Amino acid sequence: MKRVFVFSLIICTMISMVFQPISSYAENNTDSTNIPVESRMALNYICSSDSLLLTATLSIKKGDITLALENATIEYSASNGAISKLLGKATTDQEGNAVFKISSAGLPADKEGMVSYSAKFPGNNKYPAAEANFIAKPAKIKLFFSIEDSLRVMKVTATQKNEKGEDVAIPKETVNIYVPRLFSLLKIGEVALDENGTGTMEFPKEIVGDTIGNIIVMARIEEHDQFGFVQGENMINWGVPKQYYKAEVPSRELWTPIAPLWMIITLLIMLAGVWAHYAYAVYELVMIKRLSKKNKPLF
């Protein structure tokens with residue numbers, strides 16, 4: 001009797017453990033309209049030689065669910081603390097990104113040349129407003145290529161605006177050098193700028209370019225406290241030309257229409273072994289039937 005009581009107690013405890021989270025979840029989610037909705041925004045900044053690229057990412061969070069908000073209007077503005085200038089508007093895509101490109105000239109800057117950028121979502125009846133800010137000083141990076149003593153040399157210069165609006169050097173900074181690949185950027189080196197904002201690097205010889213050897217080279221100052229994200233790029237035909245095989249005569253590789261010979265031979269051997277077993281099985285069945293007829297008893 002005691003065993004039956006203990007067993008029933010264990011079963012009841014297990015049932016309560018299983019159904020208690022479900023009931024508590026139901027109690028906590030009986031009215032999803034009471035869950036507050038929060039709008040979140042992030043602002044990314046890239047300064048190139050002639051323009052600025054502002055990318056705002058807008059998302060909506062409700063409870064534990066975060067989704068990108070599509071077709072939302074984002075307002076961009078620039079300010080120096082005293083004067084604010086409306087730059088324009090952009091609409092978010094399906095990933096919640098709104099890209100806005102403007103000229104780096106004519107932006108309101110303070111005495112130190114810093115510009116405060118703002119991206120604002122005014123909100124609507126369903127979603128609250130959101131805003132993101134970024135402060136940076138406009139800068140420029142330029143790339144030059146030359147051949148010195150049979151060596152391929154790449155020269156990098158970085159400049160910024162002074163109080164008079166003149167270009168002055170950015171000294172003692174590290175510039176990362178990249179080459180675009182299919183899905184990402186390949187880092188090929190770094191350049192240390194001197195007091196004049198200039199640095200050089202020997203260009204690698206085995207970088208694959210397009211069919212005629214052209215390569216797009218990018219130079220970046222990344223996540224700087226004053227300049228933010230600065231990028232410069234240029235094209236040069238110092239790459240190894242990419243060779244495309246003719247469609248009618250492709251090479252025998254794993255990723256080409258015609259498989260390698262070793263793979264074809266291996267497959268043929270395996271198929272031959274399988275069909276040989278089938279043929280042997282059929283042969284045995286025929287022989288068994290013949291022998292059964294020969295050995296059939298007369299009575």
# chains A, B, ... in the order shown; residues from 1 in each chain; ligands from 1

$ residues_around --residues "region 64-77 of chain A" --least-positions-apart "5" --cutoff "9 Å" --atoms "only C-alpha atoms" --output "ChimeraX atom specification"
/A:54,56-59,84-98,100,116-123

$ closest_atom_pairs --of "region 72-180 of chain A" --to "region 192-203 of chain A" --cutoff "9 Å" --atoms "only C-alpha atoms" --output "Markdown table"
| residue | atom | partner | partner_atom | distance |
| --- | --- | --- | --- | --- |
| A:Leu151 | CA | A:Glu202 | CA | 7.0 |
| A:Arg152 | CA | A:Phe203 | CA | 5.5 |
| A:Val153 | CA | A:Glu202 | CA | 4.6 |
| A:Met154 | CA | A:Met201 | CA | 5.3 |
| A:Lys155 | CA | A:Thr200 | CA | 4.4 |
| A:Val156 | CA | A:Gly199 | CA | 5.3 |
| A:Thr157 | CA | A:Thr198 | CA | 4.6 |
| A:Ala158 | CA | A:Gly197 | CA | 5.4 |
| A:Thr159 | CA | A:Gly197 | CA | 6.8 |
| A:Val168 | CA | A:Gly197 | CA | 8.4 |
| A:Ala169 | CA | A:Gly197 | CA | 4.7 |
| A:Ile170 | CA | A:Gly197 | CA | 4.8 |
| A:Pro171 | CA | A:Glu195 | CA | 4.5 |
| A:Lys172 | CA | A:Leu193 | CA | 5.1 |
| A:Glu173 | CA | A:Leu193 | CA | 5.3 |
| A:Thr174 | CA | A:Ala192 | CA | 4.7 |
| A:Val175 | CA | A:Ala192 | CA | 6.3 |
| A:Asn176 | CA | A:Ala192 | CA | 8.9 |

$ write_last_selection --atoms "N, CA and C atoms" --output "PDB file, in the first residue's frame"
ATOM      1  N   LEU A 151      59.878  47.925 -57.796  1.00  0.00           N
ATOM      2  CA  LEU A 151      58.959  47.560 -56.725  1.00  0.00           C
ATOM      3  C   LEU A 151      57.662  48.336 -56.864  1.00  0.00           C
ATOM      4  N   ARG A 152      56.563  47.667 -56.598  1.00  0.00           N
ATOM      5  CA  ARG A 152      55.251  48.308 -56.633  1.00  0.00           C
ATOM      6  C   ARG A 152      54.986  48.948 -55.272  1.00  0.00           C
ATOM      7  N   VAL A 153      54.886  50.271 -55.257  1.00  0.00           N
ATOM      8  CA  VAL A 153      54.751  51.008 -54.010  1.00  0.00           C
ATOM      9  C   VAL A 153      53.403  51.718 -53.994  1.00  0.00           C
ATOM     10  N   MET A 154      52.704  51.585 -52.888  1.00  0.00           N
ATOM     11  CA  MET A 154      51.433  52.273 -52.684  1.00  0.00           C
ATOM     12  C   MET A 154      51.628  53.340 -51.615  1.00  0.00           C
ATOM     13  N   LYS A 155      51.192  54.552 -51.928  1.00  0.00           N
ATOM     14  CA  LYS A 155      51.330  55.689 -51.014  1.00  0.00           C
ATOM     15  C   LYS A 155      49.956  56.101 -50.507  1.00  0.00           C
ATOM     16  N   VAL A 156      49.857  56.338 -49.207  1.00  0.00           N
ATOM     17  CA  VAL A 156      48.605  56.712 -48.566  1.00  0.00           C
ATOM     18  C   VAL A 156      48.773  58.066 -47.901  1.00  0.00           C
ATOM     19  N   THR A 157      47.820  58.978 -48.142  1.00  0.00           N
ATOM     20  CA  THR A 157      47.807  60.280 -47.481  1.00  0.00           C
ATOM     21  C   THR A 157      46.458  60.481 -46.804  1.00  0.00           C
ATOM     22  N   ALA A 158      46.483  61.064 -45.610  1.00  0.00           N
ATOM     23  CA  ALA A 158      45.252  61.331 -44.858  1.00  0.00           C
ATOM     24  C   ALA A 158      45.247  62.790 -44.436  1.00  0.00           C
ATOM     25  N   THR A 159      44.121  63.472 -44.670  1.00  0.00           N
ATOM     26  CA  THR A 159      44.007  64.898 -44.349  1.00  0.00           C
ATOM     27  C   THR A 159      42.702  65.177 -43.625  1.00  0.00           C
ATOM     28  N   VAL A 168      44.771  69.771 -43.792  1.00  0.00           N
ATOM     29  CA  VAL A 168      46.015  69.569 -43.053  1.00  0.00           C
ATOM     30  C   VAL A 168      46.181  68.078 -42.802  1.00  0.00           C
ATOM     31  N   ALA A 169      47.401  67.666 -42.520  1.00  0.00           N
ATOM     32  CA  ALA A 169      47.720  66.245 -42.386  1.00  0.00           C
ATOM     33  C   ALA A 169      47.156  65.657 -41.103  1.00  0.00           C
ATOM     34  N   ILE A 170      46.869  64.349 -41.167  1.00  0.00           N
ATOM     35  CA  ILE A 170      46.513  63.563 -39.985  1.00  0.00           C
ATOM     36  C   ILE A 170      47.747  62.741 -39.607  1.00  0.00           C
ATOM     37  N   PRO A 171      48.467  63.102 -38.571  1.00  0.00           N
ATOM     38  CA  PRO A 171      49.730  62.414 -38.262  1.00  0.00           C
ATOM     39  C   PRO A 171      49.538  61.218 -37.332  1.00  0.00           C
ATOM     40  N   LYS A 172      50.516  60.312 -37.417  1.00  0.00           N
ATOM     41  CA  LYS A 172      50.652  59.212 -36.455  1.00  0.00           C
ATOM     42  C   LYS A 172      49.390  58.369 -36.310  1.00  0.00           C
ATOM     43  N   GLU A 173      48.818  57.980 -37.410  1.00  0.00           N
ATOM     44  CA  GLU A 173      47.662  57.091 -37.382  1.00  0.00           C
ATOM     45  C   GLU A 173      47.952  55.833 -38.188  1.00  0.00           C
ATOM     46  N   THR A 174      47.232  54.771 -37.902  1.00  0.00           N
ATOM     47  CA  THR A 174      47.390  53.505 -38.617  1.00  0.00           C
ATOM     48  C   THR A 174      46.248  53.335 -39.599  1.00  0.00           C
ATOM     49  N   VAL A 175      46.608  53.045 -40.848  1.00  0.00           N
ATOM     50  CA  VAL A 175      45.622  52.863 -41.920  1.00  0.00           C
ATOM     51  C   VAL A 175      45.657  51.402 -42.353  1.00  0.00           C
ATOM     52  N   ASN A 176      44.510  50.754 -42.318  1.00  0.00           N
ATOM     53  CA  ASN A 176      44.393  49.358 -42.748  1.00  0.00           C
ATOM     54  C   ASN A 176      44.094  49.300 -44.246  1.00  0.00           C
TER      55      ASN A 176
END

$ closest_residue --among "A:Leu254, A:Ile102, A:Val179, A:Leu43" --to "Ala219 (chain A)" --atoms "only C-alpha atoms"
A:Val179

$ residues_around --residues "Leu52 (chain A)" --least-positions-apart "5" --cutoff "7 Å" --atoms "only C-alpha atoms" --output "PDB file with N, CA and C atoms, in the first residue's frame"
ATOM      1  N   ILE A  46      30.396  56.446 -42.406  1.00  0.00           N
ATOM      2  CA  ILE A  46      31.586  56.220 -43.234  1.00  0.00           C
ATOM      3  C   ILE A  46      31.862  57.509 -44.000  1.00  0.00           C
ATOM      4  N   CYS A  47      33.083  58.025 -43.853  1.00  0.00           N
ATOM      5  CA  CYS A  47      33.500  59.245 -44.542  1.00  0.00           C
ATOM      6  C   CYS A  47      34.476  58.879 -45.645  1.00  0.00           C
ATOM      7  N   LYS A 101      23.286  59.140 -48.454  1.00  0.00           N
ATOM      8  CA  LYS A 101      24.591  59.613 -48.907  1.00  0.00           C
ATOM      9  C   LYS A 101      24.518  61.102 -49.204  1.00  0.00           C
ATOM     10  N   ILE A 102      25.477  61.859 -48.659  1.00  0.00           N
ATOM     11  CA  ILE A 102      25.499  63.308 -48.845  1.00  0.00           C
ATOM     12  C   ILE A 102      26.928  63.762 -49.107  1.00  0.00           C
ATOM     13  N   SER A 103      27.057  64.995 -49.523  1.00  0.00           N
ATOM     14  CA  SER A 103      28.370  65.595 -49.709  1.00  0.00           C
ATOM     15  C   SER A 103      28.941  66.044 -48.369  1.00  0.00           C
ATOM     16  N   SER A 104      30.251  65.930 -48.230  1.00  0.00           N
ATOM     17  CA  SER A 104      30.896  66.323 -46.977  1.00  0.00           C
ATOM     18  C   SER A 104      31.116  67.828 -46.873  1.00  0.00           C
TER      19      SER A 104
END

$ atom_distance --atom1 "CA of Lys294 (chain A)" --atom2 "CA of Tyr278 (chain A)"
24.8 Å

$ residues_around --residues "region 220-227 of chain A" --least-positions-apart "4" --cutoff "7 Å" --atoms "only C-alpha atoms" --output "short mmCIF file (atom, residue, chain, number, x, y, z; two decimals) with C-alpha atoms, in the first residue's frame"
data_model
loop_
_atom_site.label_atom_id
_atom_site.label_comp_id
_atom_site.auth_asym_id
_atom_site.auth_seq_id
_atom_site.Cartn_x
_atom_site.Cartn_y
_atom_site.Cartn_z
CA ALA A 136 32.94 62.84 -36.04
CA LYS A 137 35.30 65.15 -37.87
CA PRO A 138 35.36 64.86 -41.69
CA ALA A 139 38.60 63.47 -43.09
CA THR A 174 47.39 53.50 -38.62
CA VAL A 175 45.62 52.86 -41.92
CA ASN A 176 44.39 49.36 -42.75
CA ILE A 177 44.61 48.23 -46.38
CA GLN A 231 37.69 55.26 -46.17
CA GLY A 232 39.54 55.92 -49.42
#

$ atom_distance --atom1 "CA of Met287 (chain A)" --atom2 "CA of Trp275 (chain A)"
18.3 Å

$ atom_distance --atom1 "CA of Ile188 (chain A)" --atom2 "CA of Val230 (chain A)"
17.6 Å
